[in-house]
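**Q** Here it is, the structure, as structure tokens.
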Amino acid sequence: RISRSALSAPMKIVFAGTPEFAAQAMRAIYAAGHEIVLAFTQPDRRAGRGMHLQASPVKEFALENNIPVLQPETLRRTSSDPQKKAQADEAYERLASTEFDAMVVVAYGLILPQEILDISERPGRFGSFNIHASLLPRWRGAAPIQRAIEAGDAKTGVCIMQMDAGLDTGDTVLVSSLDIAPDETSASLHDRLAQLGADSIVSVLDALQQSKNMNRVPQPNEGITYAEKILKSEAEIDWSLSAKEIDQRIRAFNPFPGATGQVGGLVLKLWDSRIPEIGAVGSTGSVGDVLGFSGDGVYIQCGQGVVEVMHMQKPGGKKIDAKTCLQSIGVDQKQLHFLSKE
């Protein structure tokens, strides 16, 4: 159990995170009245058409609210790179000299060495908490949102986890679940889980502030799966797979890396899809054949069954309805065919 004597002052939090998913939790902690005394985030990265350096959403929020920010390239003080080692040393000393009650880590992108976790676990502190977007121990690792959709999971959720040195192996203190909708994309699920994660971490911090006990529940040894990082090489759809598998991949890879299919000499991005109702498609064809249109969508023959794709995008173009996209290629419908993955 985690407990503490009554607190009259806000919790003092060190926050570590990088993308919007993390920033949403950070905003919620701040809005709940807790004090964020220090923020860690990844170094600015080049992005966009101009490849300009861009601050992370966490850094942007920190600067707007006068929260000190550190951006080390690593937290490992054993680095052989003198510059990286100096950054890690500075981060360690800064954290060690900061007064705080707990550390919250959300999609930070750097591994926290044991010595960093040890600072957060000094007497009078609660340790480090992680917001993880899955129902642990299912989907430990880098891409739990995408892999849950790709696998066809019916449920997912958020675990607030007491961190240890392992990869998402710590005890859970709060588990919140939600259903994955049949038309769910990683983009839509990300937004729902970000809100759930923000609400959940505030609930944990509020409970600790109010001296309520939090049960630490060890993760079971059964049902462990790993969500490997999404690679761009996974984007190309293999049309010999079943319609169900293809539908899940298209939705899982929205927005990144964006599922692709090649037709009429063009590589198109496929943005969303569904399994059509029984009887909606009157004909069958060879794998990859375009069987017809469904209003603005398009039916494509798979290795087993048919998938309906609603939106596509040509290279350099905008996302538009699939029917308009295919008709703009200038190939007769009967000749439209998505090439099989080699």
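By order in the structure tokens, chains are A, B, ...; within a chain, residues start at 1; ligands start at 1, following the order shown.
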Report as CSV: every residue of region 249-306 of chain A with an atom at most 10 Å from region 218-234 of chain A, its closest pair of atoms, and their distance in Å to one decimal, counting only C-alpha atoms, with rows sorted by chain and ascending residue number.

**A**
residue,atom,partner,partner_atom,distance
A:Arg249,CA,A:Glu234,CA,9.2
A:Ala252,CA,A:Ile230,CA,9.8
A:Phe253,CA,A:Ile230,CA,8.4
A:Phe256,CA,A:Ile230,CA,8.0
A:Pro257,CA,A:Lys232,CA,5.5
A:Gly258,CA,A:Lys232,CA,8.3
A:Ala259,CA,A:Glu234,CA,7.9
A:Thr260,CA,A:Glu234,CA,9.2

**Q** Can you pull out the residues contacting Ala107 (chain A)? Cut-off 12 Å, using only C-alpha atoms, and skip same-chain residues under 2 positions away; I want them as a CSV table (one decimal) with N, CA, C and O atoms, in the first residue's frame.

**A**
chain,number,residue,atom,x,y,z
A,15,PHE,N,7.6,16.1,-13.9
A,15,PHE,CA,6.9,15.5,-15.0
A,15,PHE,C,7.9,15.2,-16.1
A,15,PHE,O,8.7,16.0,-16.5
A,16,ALA,N,7.8,14.0,-16.7
A,16,ALA,CA,8.7,13.6,-17.8
A,16,ALA,C,7.8,13.1,-19.0
A,16,ALA,O,7.1,12.1,-18.8
A,17,GLY,N,7.8,13.7,-20.1
A,17,GLY,CA,7.0,13.3,-21.3
A,17,GLY,C,7.3,14.1,-22.5
A,17,GLY,O,8.1,15.1,-22.4
A,18,THR,N,6.8,13.7,-23.6
A,18,THR,CA,7.2,14.4,-24.9
A,18,THR,C,6.0,14.7,-25.7
A,18,THR,O,5.7,15.9,-26.0
A,19,PRO,N,5.2,13.8,-26.2
A,19,PRO,CA,4.1,14.1,-27.2
A,19,PRO,C,2.9,14.7,-26.6
A,19,PRO,O,2.7,14.8,-25.4
A,20,GLU,N,1.9,14.9,-27.5
A,20,GLU,CA,0.6,15.4,-27.0
A,20,GLU,C,-0.1,14.5,-26.0
A,20,GLU,O,-0.8,15.0,-25.1
A,21,PHE,N,0.0,13.2,-26.1
A,21,PHE,CA,-0.5,12.3,-25.2
A,21,PHE,C,-0.1,12.7,-23.7
A,21,PHE,O,-0.8,12.6,-22.8
A,22,ALA,N,1.2,13.0,-23.6
A,22,ALA,CA,1.8,13.4,-22.3
A,22,ALA,C,1.4,14.8,-21.9
A,22,ALA,O,1.1,15.0,-20.8
A,23,ALA,N,1.3,15.7,-22.9
A,23,ALA,CA,1.0,17.1,-22.6
A,23,ALA,C,-0.4,17.1,-22.0
A,23,ALA,O,-0.7,18.0,-21.1
A,24,GLN,N,-1.3,16.3,-22.5
A,24,GLN,CA,-2.7,16.3,-22.0
A,24,GLN,C,-2.7,16.0,-20.5
A,24,GLN,O,-3.5,16.6,-19.7
A,25,ALA,N,-1.9,15.0,-20.1
A,25,ALA,CA,-1.8,14.6,-18.7
A,25,ALA,C,-1.2,15.7,-17.9
A,25,ALA,O,-1.7,16.0,-16.8
A,26,MET,N,-0.2,16.4,-18.5
A,26,MET,CA,0.5,17.5,-17.8
A,26,MET,C,-0.5,18.6,-17.5
A,26,MET,O,-0.5,19.2,-16.4
A,40,PHE,N,10.9,17.2,-17.7
A,40,PHE,CA,11.9,16.6,-18.6
A,40,PHE,C,11.1,16.3,-19.9
A,40,PHE,O,10.0,15.8,-19.9
A,41,THR,N,11.8,16.5,-21.1
A,41,THR,CA,11.2,16.2,-22.4
A,41,THR,C,12.4,16.0,-23.3
A,41,THR,O,13.5,16.3,-23.1
A,42,GLN,N,12.0,15.4,-24.5
A,42,GLN,CA,13.0,15.1,-25.5
A,42,GLN,C,13.6,16.4,-26.1
A,42,GLN,O,12.9,17.4,-26.2
A,56,SER,N,8.6,20.1,-28.2
A,56,SER,CA,7.6,19.1,-27.9
A,56,SER,C,6.4,19.8,-27.3
A,56,SER,O,6.5,20.8,-26.7
A,57,PRO,N,5.2,19.2,-27.4
A,57,PRO,CA,4.0,19.7,-26.7
A,57,PRO,C,4.2,19.9,-25.2
A,57,PRO,O,3.7,20.9,-24.6
A,58,VAL,N,5.0,19.0,-24.5
A,58,VAL,CA,5.3,19.1,-23.1
A,58,VAL,C,6.1,20.4,-22.9
A,58,VAL,O,5.9,21.1,-21.9
A,104,VAL,N,6.0,11.8,-12.5
A,104,VAL,CA,5.0,11.2,-13.4
A,104,VAL,C,5.7,11.1,-14.8
A,104,VAL,O,6.2,12.1,-15.3
A,105,VAL,N,5.6,10.0,-15.4
A,105,VAL,CA,6.3,9.7,-16.7
A,105,VAL,C,5.3,9.2,-17.7
A,105,VAL,O,4.6,8.3,-17.4
A,109,GLY,N,10.1,8.7,-23.8
A,109,GLY,CA,10.9,8.3,-24.9
A,109,GLY,C,12.4,8.0,-24.5
A,109,GLY,O,13.2,7.6,-25.3
A,110,LEU,N,12.7,8.2,-23.3
A,110,LEU,CA,14.0,7.8,-22.7
A,110,LEU,C,13.8,6.8,-21.6
A,110,LEU,O,12.9,6.9,-20.8
A,111,ILE,N,14.8,5.9,-21.5
A,111,ILE,CA,14.7,5.0,-20.4
A,111,ILE,C,15.2,5.7,-19.1
A,111,ILE,O,16.2,6.4,-19.1
A,112,LEU,N,14.5,5.5,-18.0
A,112,LEU,CA,14.9,6.0,-16.7
A,112,LEU,C,15.8,5.0,-16.0
A,112,LEU,O,15.3,3.9,-15.6
A,129,PHE,N,5.5,7.3,-11.3
A,129,PHE,CA,4.3,6.7,-11.8
A,129,PHE,C,4.3,6.9,-13.4
A,129,PHE,O,4.6,7.9,-13.9
A,130,ASN,N,3.8,5.8,-14.0
A,130,ASN,CA,3.8,5.9,-15.5
A,130,ASN,C,2.3,5.7,-16.0
A,130,ASN,O,1.6,4.9,-15.4
A,131,ILE,N,1.9,6.5,-17.0
A,131,ILE,CA,0.6,6.3,-17.6
A,131,ILE,C,0.9,5.4,-18.8
A,131,ILE,O,1.6,5.9,-19.8
A,132,HIS,N,0.4,4.2,-18.9
A,132,HIS,CA,0.6,3.3,-20.0
A,132,HIS,C,-0.8,3.0,-20.6
A,132,HIS,O,-1.7,2.6,-20.0
A,133,ALA,N,-0.8,3.1,-22.0
A,133,ALA,CA,-2.1,3.0,-22.7
A,133,ALA,C,-2.4,1.6,-23.1
A,133,ALA,O,-2.5,1.3,-24.3
A,141,GLY,N,5.4,-2.0,-24.0
A,141,GLY,CA,6.3,-1.5,-25.0
A,141,GLY,C,5.8,-0.3,-25.7
A,141,GLY,O,4.9,0.5,-25.2
A,142,ALA,N,6.3,-0.1,-27.0
A,142,ALA,CA,6.3,1.2,-27.6
A,142,ALA,C,5.0,1.6,-28.3
A,142,ALA,O,4.7,2.8,-28.3
A,143,ALA,N,4.2,0.7,-28.8
A,143,ALA,CA,3.0,1.0,-29.6
A,143,ALA,C,1.8,0.3,-29.2
A,143,ALA,O,1.2,-0.4,-30.0
A,144,PRO,N,1.4,0.5,-27.9
A,144,PRO,CA,0.2,-0.3,-27.4
A,144,PRO,C,-1.1,0.1,-28.1
A,144,PRO,O,-2.0,-0.8,-28.3
A,168,ASP,N,7.8,-1.7,-18.6
A,168,ASP,CA,6.3,-1.7,-18.2
A,168,ASP,C,6.0,-2.9,-17.4
A,168,ASP,O,4.9,-3.6,-17.6
A,194,ALA,N,-5.9,9.3,-24.1
A,194,ALA,CA,-5.2,10.5,-23.6
A,194,ALA,C,-6.0,11.1,-22.5
A,194,ALA,O,-5.5,11.5,-21.4
A,197,GLY,N,-6.2,8.7,-19.5
A,197,GLY,CA,-4.9,8.7,-18.8
A,197,GLY,C,-4.8,10.0,-17.9
A,197,GLY,O,-4.3,9.9,-16.8

**Q** In terms of the shortest atom-to-atom distance over only C-alpha atoms, which of A:Ala31, A:Ala148, A:Met103, A:Cys302 is closest to Met163 (chain A)?

**A**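 Looking at the shortest contact to Met163 (chain A), the residue is A:Met103.
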
**Q** Any idea what's packed within 8 Å of Phe100 (chain A), counting only C-alpha atoms, ignoring anything in its chain fewer than 5 positions away? Could you give it as a list in words?

**A**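 Listed by chain and then number, they are Met11, Lys12, Ile13, Val14, Val37 and Arg125 of chain A.
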
**Q** Those same residues, written as a short mmCIF file (atom, residue, chain, number, x, y, z; two decimals), in the first residue's frame with N, CA, C and O atoms?

**A**
data_model
loop_
_atom_site.label_atom_id
_atom_site.label_comp_id
_atom_site.auth_asym_id
_atom_site.auth_seq_id
_atom_site.Cartn_x
_atom_site.Cartn_y
_atom_site.Cartn_z
N MET A 11 0.46 18.64 -4.32
CA MET A 11 1.56 17.72 -4.59
C MET A 11 2.58 18.42 -5.48
O MET A 11 2.22 19.13 -6.42
N LYS A 12 3.85 18.23 -5.18
CA LYS A 12 4.93 18.75 -6.03
C LYS A 12 5.35 17.62 -6.97
O LYS A 12 5.78 16.57 -6.52
N ILE A 13 5.23 17.87 -8.27
CA ILE A 13 5.42 16.83 -9.28
C ILE A 13 6.58 17.16 -10.20
O ILE A 13 6.70 18.28 -10.70
N VAL A 14 7.43 16.16 -10.45
CA VAL A 14 8.37 16.21 -11.58
C VAL A 14 7.71 15.45 -12.72
O VAL A 14 7.27 14.31 -12.54
N VAL A 37 7.05 21.10 -10.66
CA VAL A 37 8.25 21.86 -10.29
C VAL A 37 9.39 21.70 -11.29
O VAL A 37 10.34 22.50 -11.28
N ARG A 125 8.71 10.32 -0.25
CA ARG A 125 8.24 10.45 -1.63
C ARG A 125 7.49 9.20 -2.05
O ARG A 125 7.62 8.14 -1.45
#

**Q** Based on DSSP run over this structure's backbone, return all residues of region 227-307 of chain A in strand (DSSP E), as number ranges by chain.

**A** A: 227, 259-263, 266-274, 290-294, 297-301, 306-307

**Q** Using DSSP on the backbone coordinates, identify all residues within region 176-247 of chain A classified as alpha helix (DSSP H); present the result as a ChimeraX atom specification.

**A** /A:186-209,243-247

**Q** Env of Glu308 (chain A): 10 Å cut, atoms = only C-alpha atoms, seq-sep filter 5 positions within chain, self excluded. Answer as a PyMOL selection string.

**A** chain A and resi 243+247+272-277+281+290-294+297-301+322

**Q** Give me a file of those residues, with C-alpha atoms, as a PDB file, in the first residue's frame.

**A**
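See selection-v4.pdb below for the written result:
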ATOM      1  CA  ALA A 243     -10.532  -8.602 -44.922  1.00  0.00           C
ATOM      2  CA  ASP A 247      -9.320  -3.599 -41.981  1.00  0.00           C
ATOM      3  CA  ASP A 272     -10.040   4.276 -42.893  1.00  0.00           C
ATOM      4  CA  SER A 273     -12.035   1.154 -43.593  1.00  0.00           C
ATOM      5  CA  ARG A 274     -14.686  -1.280 -42.421  1.00  0.00           C
ATOM      6  CA  ILE A 275     -16.101  -4.694 -43.157  1.00  0.00           C
ATOM      7  CA  PRO A 276     -19.212  -4.288 -45.359  1.00  0.00           C
ATOM      8  CA  GLU A 277     -22.489  -5.861 -44.323  1.00  0.00           C
ATOM      9  CA  VAL A 281     -21.072  -6.661 -52.354  1.00  0.00           C
ATOM     10  CA  VAL A 290     -11.791  -3.277 -57.038  1.00  0.00           C
ATOM     11  CA  LEU A 291     -15.277  -4.793 -57.038  1.00  0.00           C
ATOM     12  CA  GLY A 292     -17.276  -1.592 -57.045  1.00  0.00           C
ATOM     13  CA  PHE A 293     -18.157   1.569 -55.184  1.00  0.00           C
ATOM     14  CA  SER A 294     -20.247   2.082 -52.056  1.00  0.00           C
ATOM     15  CA  GLY A 297     -16.210   4.220 -50.596  1.00  0.00           C
ATOM     16  CA  VAL A 298     -14.718   1.350 -52.555  1.00  0.00           C
ATOM     17  CA  TYR A 299     -14.897  -2.445 -52.176  1.00  0.00           C
ATOM     18  CA  ILE A 300     -11.613  -4.374 -52.534  1.00  0.00           C
ATOM     19  CA  GLN A 301     -11.270  -8.153 -52.749  1.00  0.00           C
ATOM     20  CA  ALA A 322     -11.983   6.716 -51.973  1.00  0.00           C
TER      21      ALA A 322
END

**Q** Show me, as a VMD selection string, the residues that have an atom within 9 Å of Glu184 (chain A) when counting only C-alpha atoms, minus same-chain residues fewer than 4 positions from it.

**A** chain A and resid 149 180 188 to 189 248 251 to 252 272

**Q** Work out how far apart CA of Asp289 (chain A) and CA of Ala235 (chain A) are and give it in Å to one decimal.

**A**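 Computing it gives 19.2 Å between the two atoms.
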
**Q** Suppose you want the space between CA of Glu35 (chain A) and CA of Leu196 (chain A); what is it in Å?

**A**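 Result for CA of Glu35 (chain A) versus CA of Leu196 (chain A): 20.6 Å, one decimal.
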